[in-house]
file upload.pdb (PDB, C-alpha atoms)
ATOM      1  CA  MET A   1      34.617 -10.742 -53.546
ATOM      2  CA  LYS A   2      31.412 -12.631 -53.840
ATOM      3  CA  ARG A   3      32.266 -14.581 -50.769
ATOM      4  CA  ARG A   4      32.803 -11.384 -48.861
ATOM      5  CA  THR A   5      29.420  -9.918 -49.730
ATOM      6  CA  PHE A   6      27.835 -13.238 -48.852
ATOM      7  CA  LEU A   7      29.478 -13.152 -45.435
ATOM      8  CA  LYS A   8      28.442  -9.574 -44.860
ATOM      9  CA  GLY A   9      24.914 -10.514 -45.731
ATOM     10  CA  THR A  10      24.812 -13.371 -43.271
ATOM     11  CA  VAL A  11      26.268 -11.261 -40.498
ATOM     12  CA  ALA A  12      23.732  -8.548 -41.125
ATOM     13  CA  SER A  13      20.781 -10.928 -41.201
ATOM     14  CA  GLY A  14      22.166 -12.619 -38.106
ATOM     15  CA  MET A  15      22.147  -9.307 -36.316
ATOM     16  CA  LEU A  16      18.624  -8.661 -37.469
ATOM     17  CA  GLY A  17      17.556 -12.034 -36.131
ATOM     18  CA  VAL A  18      19.005 -11.230 -32.733
ATOM     19  CA  ALA A  19      17.312  -7.854 -32.682
ATOM     20  CA  ALA A  20      13.984  -9.363 -33.670
ATOM     21  CA  SER A  21      14.113 -12.078 -31.034
ATOM     22  CA  ALA A  22      15.091  -9.514 -28.395
ATOM     23  CA  GLY A  23      12.098  -7.446 -29.441
ATOM     24  CA  LEU A  24       9.864 -10.467 -29.231
ATOM     25  CA  LEU A  25      11.124 -11.385 -25.807
ATOM     26  CA  ALA A  26      10.342  -8.058 -24.199
ATOM     27  CA  PRO A  27       6.520  -8.277 -24.162
ATOM     28  CA  ARG A  28       6.688 -11.899 -23.096
ATOM     29  CA  MET A  29       8.630 -10.918 -20.028
ATOM     30  CA  VAL A  30       5.996  -8.373 -19.137
ATOM     31  CA  LEU A  31       3.290 -11.012 -19.421
ATOM     32  CA  ALA A  32       5.278 -13.408 -17.255
ATOM     33  CA  ALA A  33       4.361 -11.259 -14.280
ATOM     34  CA  TRP A  34       0.801 -12.444 -14.672
ATOM     35  CA  PRO A  35       0.447 -15.675 -12.627
ATOM     36  CA  GLU A  36      -0.863 -17.889 -15.395
ATOM     37  CA  SER A  37      -0.632 -21.158 -13.466
ATOM     38  CA  ALA A  38      -2.693 -19.684 -10.645
ATOM     39  CA  PHE A  39      -5.447 -18.559 -13.001
ATOM     40  CA  ASP A  40      -5.368 -21.924 -14.794
ATOM     41  CA  ALA A  41      -5.704 -23.906 -11.568
ATOM     42  CA  LYS A  42      -8.946 -25.844 -11.292
ATOM     43  CA  SER A  43      -9.139 -25.946  -7.512
ATOM     44  CA  VAL A  44      -9.040 -23.346  -4.758
ATOM     45  CA  ASP A  45      -5.989 -24.955  -3.146
ATOM     46  CA  GLY A  46      -4.186 -25.242  -6.477
ATOM     47  CA  ALA A  47      -4.784 -21.570  -7.222
ATOM     48  CA  LEU A  48      -3.661 -20.447  -3.766
ATOM     49  CA  ASP A  49      -0.542 -22.570  -3.936
ATOM     50  CA  ALA A  50       0.409 -21.193  -7.352
ATOM     51  CA  LEU A  51      -0.402 -17.601  -6.447
ATOM     52  CA  LEU A  52       0.697 -17.221  -2.851
ATOM     53  CA  GLY A  53       2.829 -20.304  -2.302
ATOM     54  CA  SER A  54       0.679 -21.666   0.494
ATOM     55  CA  VAL A  55      -2.725 -23.232   0.974
ATOM     56  CA  ASN A  56      -2.933 -22.576   4.694
ATOM     57  CA  HIS A  57      -5.244 -19.727   5.491
ATOM     58  CA  ALA A  58      -6.932 -18.938   8.766
ATOM     59  CA  GLU A  59     -10.399 -17.456   8.906
ATOM     60  CA  SER A  60     -10.310 -13.953  10.222
ATOM     61  CA  ASN A  61     -12.985 -11.625  11.546
ATOM     62  CA  ASP A  62     -10.984  -8.661  10.318
ATOM     63  CA  ILE A  63     -11.966  -9.294   6.711
ATOM     64  CA  LYS A  64     -15.369  -8.300   5.441
ATOM     65  CA  ILE A  65     -16.927  -9.348   2.163
ATOM     66  CA  LYS A  66     -19.753  -7.267   0.859
ATOM     67  CA  ALA A  67     -21.667  -9.141  -1.802
ATOM     68  CA  PRO A  68     -25.336  -9.894  -2.411
ATOM     69  CA  ASP A  69     -26.865 -12.958  -0.709
ATOM     70  CA  ILE A  70     -28.702 -13.731  -3.907
ATOM     71  CA  ALA A  71     -27.358 -12.645  -7.274
ATOM     72  CA  GLU A  72     -29.980 -12.645  -9.991
ATOM     73  CA  ASN A  73     -27.393 -12.329 -12.719
ATOM     74  CA  GLY A  74     -24.226 -14.339 -12.232
ATOM     75  CA  ALA A  75     -22.471 -12.356 -14.966
ATOM     76  CA  VAL A  76     -22.260  -9.304 -12.756
ATOM     77  CA  VAL A  77     -21.828  -9.874  -9.045
ATOM     78  CA  PRO A  78     -20.582  -6.790  -7.210
ATOM     79  CA  ILE A  79     -18.100  -7.631  -4.503
ATOM     80  CA  THR A  80     -16.215  -5.493  -2.025
ATOM     81  CA  VAL A  81     -13.511  -6.807   0.242
ATOM     82  CA  SER A  82     -12.341  -4.676   3.113
ATOM     83  CA  THR A  83      -9.954  -5.496   5.896
ATOM     84  CA  SER A  84      -8.353  -3.786   8.861
ATOM     85  CA  LEU A  85      -5.255  -5.958   8.449
ATOM     86  CA  ALA A  86      -2.174  -4.445   6.802
ATOM     87  CA  ALA A  87      -2.816  -6.156   3.507
ATOM     88  CA  GLU A  88      -0.064  -6.878   0.997
ATOM     89  CA  SER A  89      -2.486  -8.498  -1.380
ATOM     90  CA  ILE A  90      -6.177  -9.292  -1.621
ATOM     91  CA  SER A  91      -7.345 -12.208  -3.759
ATOM     92  CA  VAL A  92     -10.864 -13.260  -4.594
ATOM     93  CA  LEU A  93     -11.689 -16.876  -5.367
ATOM     94  CA  ILE A  94     -14.975 -18.374  -6.423
ATOM     95  CA  ALA A  95     -14.981 -22.002  -5.312
ATOM     96  CA  LYS A  96     -17.233 -23.439  -8.012
ATOM     97  CA  ASN A  97     -16.064 -21.491 -11.063
ATOM     98  CA  PRO A  98     -14.143 -23.499 -13.709
ATOM     99  CA  SER A  99     -11.027 -21.612 -12.615
ATOM    100  CA  PRO A 100     -11.606 -20.472  -9.038
ATOM    101  CA  LEU A 101      -9.182 -17.552  -8.956
ATOM    102  CA  ALA A 102     -11.075 -14.464 -10.122
ATOM    103  CA  CYS A 103      -8.734 -11.614  -9.334
ATOM    104  CA  SER A 104      -5.841 -10.654  -7.168
ATOM    105  CA  PHE A 105      -4.788  -7.186  -6.095
ATOM    106  CA  ALA A 106      -1.252  -6.348  -5.007
ATOM    107  CA  LEU A 107      -1.317  -3.346  -2.718
ATOM    108  CA  SER A 108       1.454  -0.947  -1.819
ATOM    109  CA  GLY A 109       2.086   0.174   1.742
ATOM    110  CA  SER A 110      -0.005   3.318   1.389
ATOM    111  CA  THR A 111      -2.997   1.496  -0.087
ATOM    112  CA  GLN A 112      -5.906   0.729   2.191
ATOM    113  CA  GLY A 113      -7.264  -2.775   2.667
ATOM    114  CA  PHE A 114     -10.179  -2.143   0.393
ATOM    115  CA  VAL A 115     -11.008  -3.296  -3.126
ATOM    116  CA  SER A 116     -14.254  -3.418  -4.989
ATOM    117  CA  THR A 117     -15.027  -4.968  -8.360
ATOM    118  CA  ARG A 118     -17.559  -7.078 -10.219
ATOM    119  CA  VAL A 119     -17.123 -10.767 -10.970
ATOM    120  CA  LYS A 120     -18.824 -13.580 -12.875
ATOM    121  CA  MET A 121     -20.153 -16.627 -11.066
ATOM    122  CA  GLY A 122     -21.109 -19.822 -12.878
ATOM    123  CA  LYS A 123     -23.447 -21.040 -10.155
ATOM    124  CA  THR A 124     -24.211 -20.730  -6.469
ATOM    125  CA  SER A 125     -20.864 -20.804  -4.766
ATOM    126  CA  GLU A 126     -18.725 -19.688  -1.906
ATOM    127  CA  LEU A 127     -16.739 -16.508  -2.367
ATOM    128  CA  ILE A 128     -13.402 -16.662  -0.630
ATOM    129  CA  ALA A 129     -11.358 -13.554   0.048
ATOM    130  CA  VAL A 130      -7.761 -14.235   0.934
ATOM    131  CA  VAL A 131      -5.672 -11.457   2.423
ATOM    132  CA  LYS A 132      -1.926 -11.727   2.705
ATOM    133  CA  SER A 133      -0.687  -9.818   5.714
ATOM    134  CA  GLY A 134       2.632 -10.147   7.512
ATOM    135  CA  GLY A 135       3.538 -13.235   5.483
ATOM    136  CA  LYS A 136       0.391 -15.061   6.583
ATOM    137  CA  LEU A 137      -2.855 -15.768   4.785
ATOM    138  CA  HIS A 138      -6.158 -14.759   6.285
ATOM    139  CA  SER A 139      -9.503 -15.493   4.743
ATOM    140  CA  ALA A 140     -13.219 -14.866   4.859
ATOM    141  CA  LYS A 141     -16.067 -16.644   3.107
ATOM    142  CA  LYS A 142     -19.510 -15.793   1.930
ATOM    143  CA  THR A 143     -21.976 -17.881  -0.025
ATOM    144  CA  VAL A 144     -23.724 -16.185  -2.903
ATOM    145  CA  LYS A 145     -26.774 -17.799  -4.448
ATOM    146  CA  VAL A 146     -26.872 -17.418  -8.213
ATOM    147  CA  THR A 147     -30.131 -17.778 -10.119
ATOM    148  CA  ILE A 148     -28.751 -17.328 -13.671
ATOM    149  CA  GLY A 149     -25.157 -18.415 -14.245
ATOM    150  CA  GLY A 150     -22.746 -15.969 -15.768
ATOM    151  CA  CYS A 151     -20.094 -18.192 -17.300
ATOM    152  CA  GLY A 152     -21.932 -19.943 -20.134
ATOM    153  CA  GLY A 153     -23.513 -18.425 -23.222
TER
ATOM    154  CA  MET B   1     -13.276  -3.455 -31.871
ATOM    155  CA  ALA B   2     -14.784  -1.639 -29.032
ATOM    156  CA  LYS B   3     -13.289   1.672 -28.036
ATOM    157  CA  LYS B   4     -10.523   1.327 -25.541
ATOM    158  CA  LYS B   5     -11.618   3.566 -22.801
ATOM    159  CA  ILE B   6     -11.043   3.958 -19.113
ATOM    160  CA  ARG B   7     -13.121   6.279 -17.000
ATOM    161  CA  ILE B   8     -11.574   7.263 -13.720
ATOM    162  CA  ARG B   9     -12.840   9.192 -10.739
ATOM    163  CA  ALA B  10     -10.539   9.992  -7.862
ATOM    164  CA  LYS B  11     -11.732  11.841  -4.782
ATOM    165  CA  MET B  12     -10.121  12.838  -1.542
ATOM    166  CA  LYS B  13     -11.941  11.964   1.653
ATOM    167  CA  GLY B  14      -9.840  13.228   4.536
ATOM    168  CA  ASP B  15      -6.359  11.919   3.791
ATOM    169  CA  VAL B  16      -7.616   8.930   1.839
ATOM    170  CA  THR B  17      -8.028   9.000  -1.922
ATOM    171  CA  GLU B  18     -10.793   6.848  -3.283
ATOM    172  CA  VAL B  19     -10.269   5.755  -6.864
ATOM    173  CA  LYS B  20     -13.038   4.347  -9.036
ATOM    174  CA  ALA B  21     -12.427   3.147 -12.562
ATOM    175  CA  LEU B  22     -14.603   1.739 -15.290
ATOM    176  CA  MET B  23     -13.018   0.091 -18.307
ATOM    177  CA  SER B  24     -14.539  -0.880 -21.634
ATOM    178  CA  HIS B  25     -13.596  -4.448 -22.408
ATOM    179  CA  PRO B  26     -15.481  -7.586 -23.567
ATOM    180  CA  MET B  27     -13.816  -9.899 -21.009
ATOM    181  CA  GLU B  28     -14.489 -13.080 -23.001
ATOM    182  CA  THR B  29     -13.900 -16.220 -20.956
ATOM    183  CA  GLY B  30     -13.020 -18.529 -23.830
ATOM    184  CA  LEU B  31     -15.776 -20.873 -22.605
ATOM    185  CA  ARG B  32     -18.677 -19.220 -24.384
ATOM    186  CA  LYS B  33     -19.858 -20.537 -27.736
ATOM    187  CA  ASN B  34     -21.252 -18.724 -30.716
ATOM    188  CA  LYS B  35     -24.849 -20.001 -30.763
ATOM    189  CA  LYS B  36     -25.089 -20.008 -34.567
ATOM    190  CA  THR B  37     -21.845 -21.685 -35.502
ATOM    191  CA  GLY B  38     -21.147 -23.615 -32.302
ATOM    192  CA  GLU B  39     -17.600 -22.345 -32.364
ATOM    193  CA  LYS B  40     -15.908 -21.237 -29.221
ATOM    194  CA  ILE B  41     -15.368 -17.529 -28.839
ATOM    195  CA  PRO B  42     -11.673 -17.097 -28.039
ATOM    196  CA  ALA B  43     -10.733 -15.718 -24.653
ATOM    197  CA  HIS B  44     -10.110 -12.004 -24.540
ATOM    198  CA  PHE B  45      -9.680 -10.482 -21.139
ATOM    199  CA  ILE B  46      -7.690  -7.928 -19.172
ATOM    200  CA  ARG B  47      -4.803  -9.517 -17.330
ATOM    201  CA  GLU B  48      -3.212  -6.710 -15.502
ATOM    202  CA  VAL B  49      -4.330  -3.334 -14.251
ATOM    203  CA  THR B  50      -1.812  -0.921 -12.802
ATOM    204  CA  CYS B  51      -2.468   2.289 -10.964
ATOM    205  CA  GLU B  52       0.381   4.732 -10.556
ATOM    206  CA  HIS B  53       0.692   7.867  -8.502
ATOM    207  CA  LYS B  54       3.833   9.989  -8.929
ATOM    208  CA  GLY B  55       5.579   7.113 -10.700
ATOM    209  CA  LYS B  56       4.915   4.738  -7.828
ATOM    210  CA  LYS B  57       2.683   1.725  -8.313
ATOM    211  CA  VAL B  58      -0.109   2.066  -5.793
ATOM    212  CA  MET B  59      -1.999  -1.027  -6.850
ATOM    213  CA  VAL B  60      -1.438  -3.815  -9.353
ATOM    214  CA  ALA B  61      -4.372  -6.094 -10.083
ATOM    215  CA  SER B  62      -4.084  -9.466 -11.800
ATOM    216  CA  TRP B  63      -7.351 -10.551 -13.310
ATOM    217  CA  GLY B  64      -8.691 -13.777 -14.666
ATOM    218  CA  VAL B  65     -11.639 -14.358 -16.934
ATOM    219  CA  ALA B  66     -14.045 -14.265 -14.002
ATOM    220  CA  VAL B  67     -14.035 -10.485 -13.844
ATOM    221  CA  SER B  68     -17.235  -9.105 -15.381
ATOM    222  CA  LYS B  69     -17.536  -7.468 -18.774
ATOM    223  CA  ASN B  70     -16.690  -3.755 -18.766
ATOM    224  CA  PRO B  71     -14.872  -4.125 -15.466
ATOM    225  CA  TYR B  72     -15.316  -1.855 -12.502
ATOM    226  CA  LEU B  73     -12.602  -1.343  -9.955
ATOM    227  CA  SER B  74     -12.373   0.663  -6.804
ATOM    228  CA  PHE B  75      -9.718   1.035  -4.144
ATOM    229  CA  LYS B  76      -8.387   3.543  -1.613
ATOM    230  CA  PHE B  77      -4.937   4.811  -0.836
ATOM    231  CA  LYS B  78      -3.185   7.377   1.345
ATOM    232  CA  GLY B  79      -0.474   9.889   0.610
ATOM    233  CA  ALA B  80      -1.883  11.815  -2.322
ATOM    234  CA  GLY B  81      -2.972  15.431  -2.549
ATOM    235  CA  LYS B  82      -5.678  17.293  -4.420
ATOM    236  CA  GLY B  83      -4.822  18.155  -7.994
ATOM    237  CA  GLU B  84      -2.192  15.446  -8.304
ATOM    238  CA  SER B  85      -2.649  13.034 -11.141
ATOM    239  CA  ILE B  86      -2.996   9.265 -11.139
ATOM    240  CA  THR B  87      -2.636   6.928 -14.084
ATOM    241  CA  ILE B  88      -4.447   3.667 -14.679
ATOM    242  CA  SER B  89      -3.440   1.287 -17.435
ATOM    243  CA  TRP B  90      -4.415  -2.224 -18.438
ATOM    244  CA  THR B  91      -2.977  -4.970 -20.620
ATOM    245  CA  ASP B  92      -5.015  -7.882 -21.946
ATOM    246  CA  ASN B  93      -4.151 -11.393 -23.102
ATOM    247  CA  LYS B  94      -3.857 -10.248 -26.718
ATOM    248  CA  GLY B  95      -1.256  -7.679 -25.784
ATOM    249  CA  GLU B  96      -3.630  -4.753 -26.236
ATOM    250  CA  SER B  97      -3.466  -1.981 -23.713
ATOM    251  CA  ALA B  98      -4.979   1.316 -22.709
ATOM    252  CA  THR B  99      -3.950   4.114 -20.397
ATOM    253  CA  ALA B 100      -5.824   7.005 -18.877
ATOM    254  CA  ASP B 101      -5.141   9.562 -16.218
ATOM    255  CA  THR B 102      -7.099  11.946 -14.082
ATOM    256  CA  LYS B 103      -6.579  14.569 -11.426
ATOM    257  CA  ILE B 104      -7.554  13.856  -7.870
ATOM    258  CA  GLY B 105     -10.454  16.075  -6.875
TER
END
call {"tool": "encode", "arguments": {"input": "upload.pdb", "output": "C-alpha cells"}}
result
Amino acid sequence: MKRRTFLKGTVASGMLGVAASAGLLAPRMVLAAWPESAFDAKSVDGALDALLGSVNHAESNDIKIKAPDIAENGAVVPITVSTSLAAESISVLIAKNPSPLACSFALSGSTQGFVSTRVKMGKTSELIAVVKSGGKLHSAKKTVKVTIGGCGG
Amino acid sequence: MAKKKIRIRAKMKGDVTEVKALMSHPMETGLRKNKKTGEKIPAHFIREVTCEHKGKKVMVASWGVAVSKNPYLSFKFKGAGKGESITISWTDNKGESATADTKIG
C-alpha cells in the first residue's frame, strides 16, 4: 500500500515537472525570434550576416536617410529611413557603436518603406541603412558627427 | 518601476495610415555604470515591438540597446480605414511587456 502511494506521488510530481518545463519553454520560444546573435555582433558585417544571412549590399539612391549632420547629444539621434523600394525589412546600423546593429524593422506587404525612430550613438560614426528588397540588400550611408556620446554614463 | 505606457497616434493621409508611437522605457544598455558604486547597471531594453491591424502584423521591430530611452517609432502602412483600431505591444529582455491600442483618425 505504501509502495502504491509512493508511486502515485512520483507520477504526479513527474507530471508537474513536465508541465512546469513546458510552461518555462513557451516564453523562451517567443524570445528566440529576437536575433540575439545579430545584436551581439561587434562588426557591421557580423551583424548583417547574422541578421540577413548576407554581407553583400549595394549602395542605392532609392534609400534616403534623414538624420542630423551634427548631433549635439548622442543619446538621442533622430533618424528616418525612407525608400521607394518594396522593402521587406529595414535595418539601421551604427558602424562605431559597441554593437553596430541598432534596430531592424520587418515590414508587411502593405507597409510603406518608411520608418522613423531615435537611436544612441557612442561617437561620430557612419549610419548605415540596409533595406532588404526582392531578396537583395540595398544600403545607404550617412555620417553623423556626435559631440557628446550617448552610450557611456 | 516606471509606468508601462505606450502613446499612439494614427492618422490617415489619403490611403496611407501614419502611425506614431512613444513608449516609456529606460532602455539601459548594460554598459553604463552607477557613478557612486561603480557597479554596472544591468541591461534593460525593449527587444520586440509589434504592430497589428485586424489581427495581421503590419510591422515587427527588433531593437537592440542602441535605441534611445523612451523610444519613439513611426511608420506608414496602407489598407486601413478610419475608425479601425491598431494595437502596438512590446516585450523587453526581462520578459516585461505592454500593449496599447488606438483608433485610426
call {"tool": "closest_atom_pairs", "arguments": {"input": "upload.pdb", "of": "chain B", "to": "chain A", "cutoff": "10 Å", "atoms": "all atoms listed in the file", "output": "CSV"}}
result
residue,atom,partner,partner_atom,distance
B:Val16,CA,A:Gln112,CA,8.4
B:Thr17,CA,A:Thr111,CA,9.2
B:Glu18,CA,A:Gln112,CA,9.6
B:Val19,CA,A:Val115,CA,9.8
B:Lys20,CA,A:Ser116,CA,8.8
B:Ala21,CA,A:Thr117,CA,9.5
B:Leu22,CA,A:Thr117,CA,9.7
B:Glu28,CA,A:Cys151,CA,9.5
B:Thr29,CA,A:Cys151,CA,7.5
B:Gly30,CA,A:Cys151,CA,9.6
B:Leu31,CA,A:Gly152,CA,6.7
B:Arg32,CA,A:Gly153,CA,5.0
B:Lys33,CA,A:Gly153,CA,6.2
B:Asn34,CA,A:Gly153,CA,7.8
B:Lys35,CA,A:Gly153,CA,7.8
B:Ile41,CA,A:Gly153,CA,9.9
B:Arg47,CA,A:Trp34,CA,6.9
B:Glu48,CA,A:Trp34,CA,7.0
B:Val49,CA,A:Phe105,CA,9.0
B:Thr50,CA,A:Ala106,CA,9.5
B:Lys56,CA,A:Ser108,CA,9.0
B:Lys57,CA,A:Ser108,CA,7.1
B:Val58,CA,A:Ser108,CA,5.2
B:Met59,CA,A:Leu107,CA,4.8
B:Val60,CA,A:Ala106,CA,5.0
B:Ala61,CA,A:Phe105,CA,4.2
B:Ser62,CA,A:Ser104,CA,5.1
B:Trp63,CA,A:Cys103,CA,4.3
B:Gly64,CA,A:Ala102,CA,5.2
B:Val65,CA,A:Ala102,CA,6.8
B:Ala66,CA,A:Ala102,CA,4.9
B:Val67,CA,A:Val119,CA,4.2
B:Ser68,CA,A:Val119,CA,4.7
B:Lys69,CA,A:Val76,CA,7.9
B:Asn70,CA,A:Arg118,CA,9.2
B:Pro71,CA,A:Arg118,CA,6.6
B:Tyr72,CA,A:Thr117,CA,5.2
B:Leu73,CA,A:Thr117,CA,4.6
B:Ser74,CA,A:Ser116,CA,4.8
B:Phe75,CA,A:Val115,CA,4.6
B:Lys76,CA,A:Gln112,CA,5.3
B:Phe77,CA,A:Thr111,CA,3.9
B:Lys78,CA,A:Ser110,CA,5.2
B:Gly79,CA,A:Ser110,CA,6.6
B:Ala80,CA,A:Ser110,CA,9.5
B:Thr91,CA,A:Leu31,CA,8.8
B:Asp92,CA,A:Leu31,CA,9.2
B:Asn93,CA,A:Leu31,CA,8.3
B:Gly95,CA,A:Pro27,CA,8.0
call {"tool": "write_last_selection", "arguments": {"input": "upload.pdb", "atoms": "C-alpha atoms", "output": "PDB file, keeping the file's coordinate frame"}}
result
ATOM      1  CA  VAL B  16      -7.616   8.930   1.839  1.00  0.00           C
ATOM      2  CA  THR B  17      -8.028   9.000  -1.922  1.00  0.00           C
ATOM      3  CA  GLU B  18     -10.793   6.848  -3.283  1.00  0.00           C
ATOM      4  CA  VAL B  19     -10.269   5.755  -6.864  1.00  0.00           C
ATOM      5  CA  LYS B  20     -13.038   4.347  -9.036  1.00  0.00           C
ATOM      6  CA  ALA B  21     -12.427   3.147 -12.562  1.00  0.00           C
ATOM      7  CA  LEU B  22     -14.603   1.739 -15.290  1.00  0.00           C
ATOM      8  CA  GLU B  28     -14.489 -13.080 -23.001  1.00  0.00           C
ATOM      9  CA  THR B  29     -13.900 -16.220 -20.956  1.00  0.00           C
ATOM     10  CA  GLY B  30     -13.020 -18.529 -23.830  1.00  0.00           C
ATOM     11  CA  LEU B  31     -15.776 -20.873 -22.605  1.00  0.00           C
ATOM     12  CA  ARG B  32     -18.677 -19.220 -24.384  1.00  0.00           C
ATOM     13  CA  LYS B  33     -19.858 -20.537 -27.736  1.00  0.00           C
ATOM     14  CA  ASN B  34     -21.252 -18.724 -30.716  1.00  0.00           C
ATOM     15  CA  LYS B  35     -24.849 -20.001 -30.763  1.00  0.00           C
ATOM     16  CA  ILE B  41     -15.368 -17.529 -28.839  1.00  0.00           C
ATOM     17  CA  ARG B  47      -4.803  -9.517 -17.330  1.00  0.00           C
ATOM     18  CA  GLU B  48      -3.212  -6.710 -15.502  1.00  0.00           C
ATOM     19  CA  VAL B  49      -4.330  -3.334 -14.251  1.00  0.00           C
ATOM     20  CA  THR B  50      -1.812  -0.921 -12.802  1.00  0.00           C
ATOM     21  CA  LYS B  56       4.915   4.738  -7.828  1.00  0.00           C
ATOM     22  CA  LYS B  57       2.683   1.725  -8.313  1.00  0.00           C
ATOM     23  CA  VAL B  58      -0.109   2.066  -5.793  1.00  0.00           C
ATOM     24  CA  MET B  59      -1.999  -1.027  -6.850  1.00  0.00           C
ATOM     25  CA  VAL B  60      -1.438  -3.815  -9.353  1.00  0.00           C
ATOM     26  CA  ALA B  61      -4.372  -6.094 -10.083  1.00  0.00           C
ATOM     27  CA  SER B  62      -4.084  -9.466 -11.800  1.00  0.00           C
ATOM     28  CA  TRP B  63      -7.351 -10.551 -13.310  1.00  0.00           C
ATOM     29  CA  GLY B  64      -8.691 -13.777 -14.666  1.00  0.00           C
ATOM     30  CA  VAL B  65     -11.639 -14.358 -16.934  1.00  0.00           C
ATOM     31  CA  ALA B  66     -14.045 -14.265 -14.002  1.00  0.00           C
ATOM     32  CA  VAL B  67     -14.035 -10.485 -13.844  1.00  0.00           C
ATOM     33  CA  SER B  68     -17.235  -9.105 -15.381  1.00  0.00           C
ATOM     34  CA  LYS B  69     -17.536  -7.468 -18.774  1.00  0.00           C
ATOM     35  CA  ASN B  70     -16.690  -3.755 -18.766  1.00  0.00           C
ATOM     36  CA  PRO B  71     -14.872  -4.125 -15.466  1.00  0.00           C
ATOM     37  CA  TYR B  72     -15.316  -1.855 -12.502  1.00  0.00           C
ATOM     38  CA  LEU B  73     -12.602  -1.343  -9.955  1.00  0.00           C
ATOM     39  CA  SER B  74     -12.373   0.663  -6.804  1.00  0.00           C
ATOM     40  CA  PHE B  75      -9.718   1.035  -4.144  1.00  0.00           C
ATOM     41  CA  LYS B  76      -8.387   3.543  -1.613  1.00  0.00           C
ATOM     42  CA  PHE B  77      -4.937   4.811  -0.836  1.00  0.00           C
ATOM     43  CA  LYS B  78      -3.185   7.377   1.345  1.00  0.00           C
ATOM     44  CA  GLY B  79      -0.474   9.889   0.610  1.00  0.00           C
ATOM     45  CA  ALA B  80      -1.883  11.815  -2.322  1.00  0.00           C
ATOM     46  CA  THR B  91      -2.977  -4.970 -20.620  1.00  0.00           C
ATOM     47  CA  ASP B  92      -5.015  -7.882 -21.946  1.00  0.00           C
ATOM     48  CA  ASN B  93      -4.151 -11.393 -23.102  1.00  0.00           C
ATOM     49  CA  GLY B  95      -1.256  -7.679 -25.784  1.00  0.00           C
TER      50      GLY B  95
END
call {"tool": "residues_around", "arguments": {"input": "upload.pdb", "residues": "B:Lys103", "least_positions_apart": "3", "cutoff": "6 Å", "atoms": "all atoms listed in the file", "output": "VMD selection string"}}
result
chain B and resid 83 to 85
call {"tool": "atom_distance", "arguments": {"input": "upload.pdb", "atom1": "atom CA of B:Ala10", "atom2": "atom CA of B:Thr102"}}
result
7.4 Å
call {"tool": "resolve_selection", "arguments": {"input": "upload.pdb", "expression": "the PyMOL selection byres ((chain B and resi 25) around 8)", "output": "VMD selection string"}}
result
chain B and resid 2 4 23 to 24 26 to 27 45 to 46 69 to 71
call {"tool": "atom_distance", "arguments": {"input": "upload.pdb", "atom1": "atom CA of A:Lys64", "atom2": "atom CA of A:Val146"}}
result
20.0 Å
call {"tool": "atom_distance", "arguments": {"input": "upload.pdb", "atom1": "atom CA of A:Ala129", "atom2": "atom CA of B:Cys51"}}
result
21.2 Å
call {"tool": "residues_near_point", "arguments": {"input": "upload.pdb", "point": "(-4.0, -5.8, 10.4)", "cutoff": "12 Å", "atoms": "all atoms listed in the file", "output": "ChimeraX atom specification"}}
result
/A:60-63,82-88,112-113,131-138
call {"tool": "closest_residue", "arguments": {"input": "upload.pdb", "among": "B:Gly81, B:Lys94, B:Ser89, B:Gly55", "to": "B:Asp15", "atoms": "all atoms listed in the file"}}
result
B:Gly81
call {"tool": "resolve_selection", "arguments": {"input": "upload.pdb", "expression": "the PyMOL selection byres ((chain A and resi 69) around 9)", "output": "list in words"}}
result
Ala67, Pro68, Ile70, Ala71, Lys142, Thr143, Val144, Lys145 and Val146 of chain A
call {"tool": "axis_aligned_box", "arguments": {"input": "upload.pdb", "around": "stretch 128-147 of chain A", "padding_each_side": "6 Å", "output": "JSON"}}
result
{"center_x": -13.3, "center_y": -13.8, "center_z": -1.3, "size_x": 45.7, "size_y": 20.1, "size_z": 29.6}
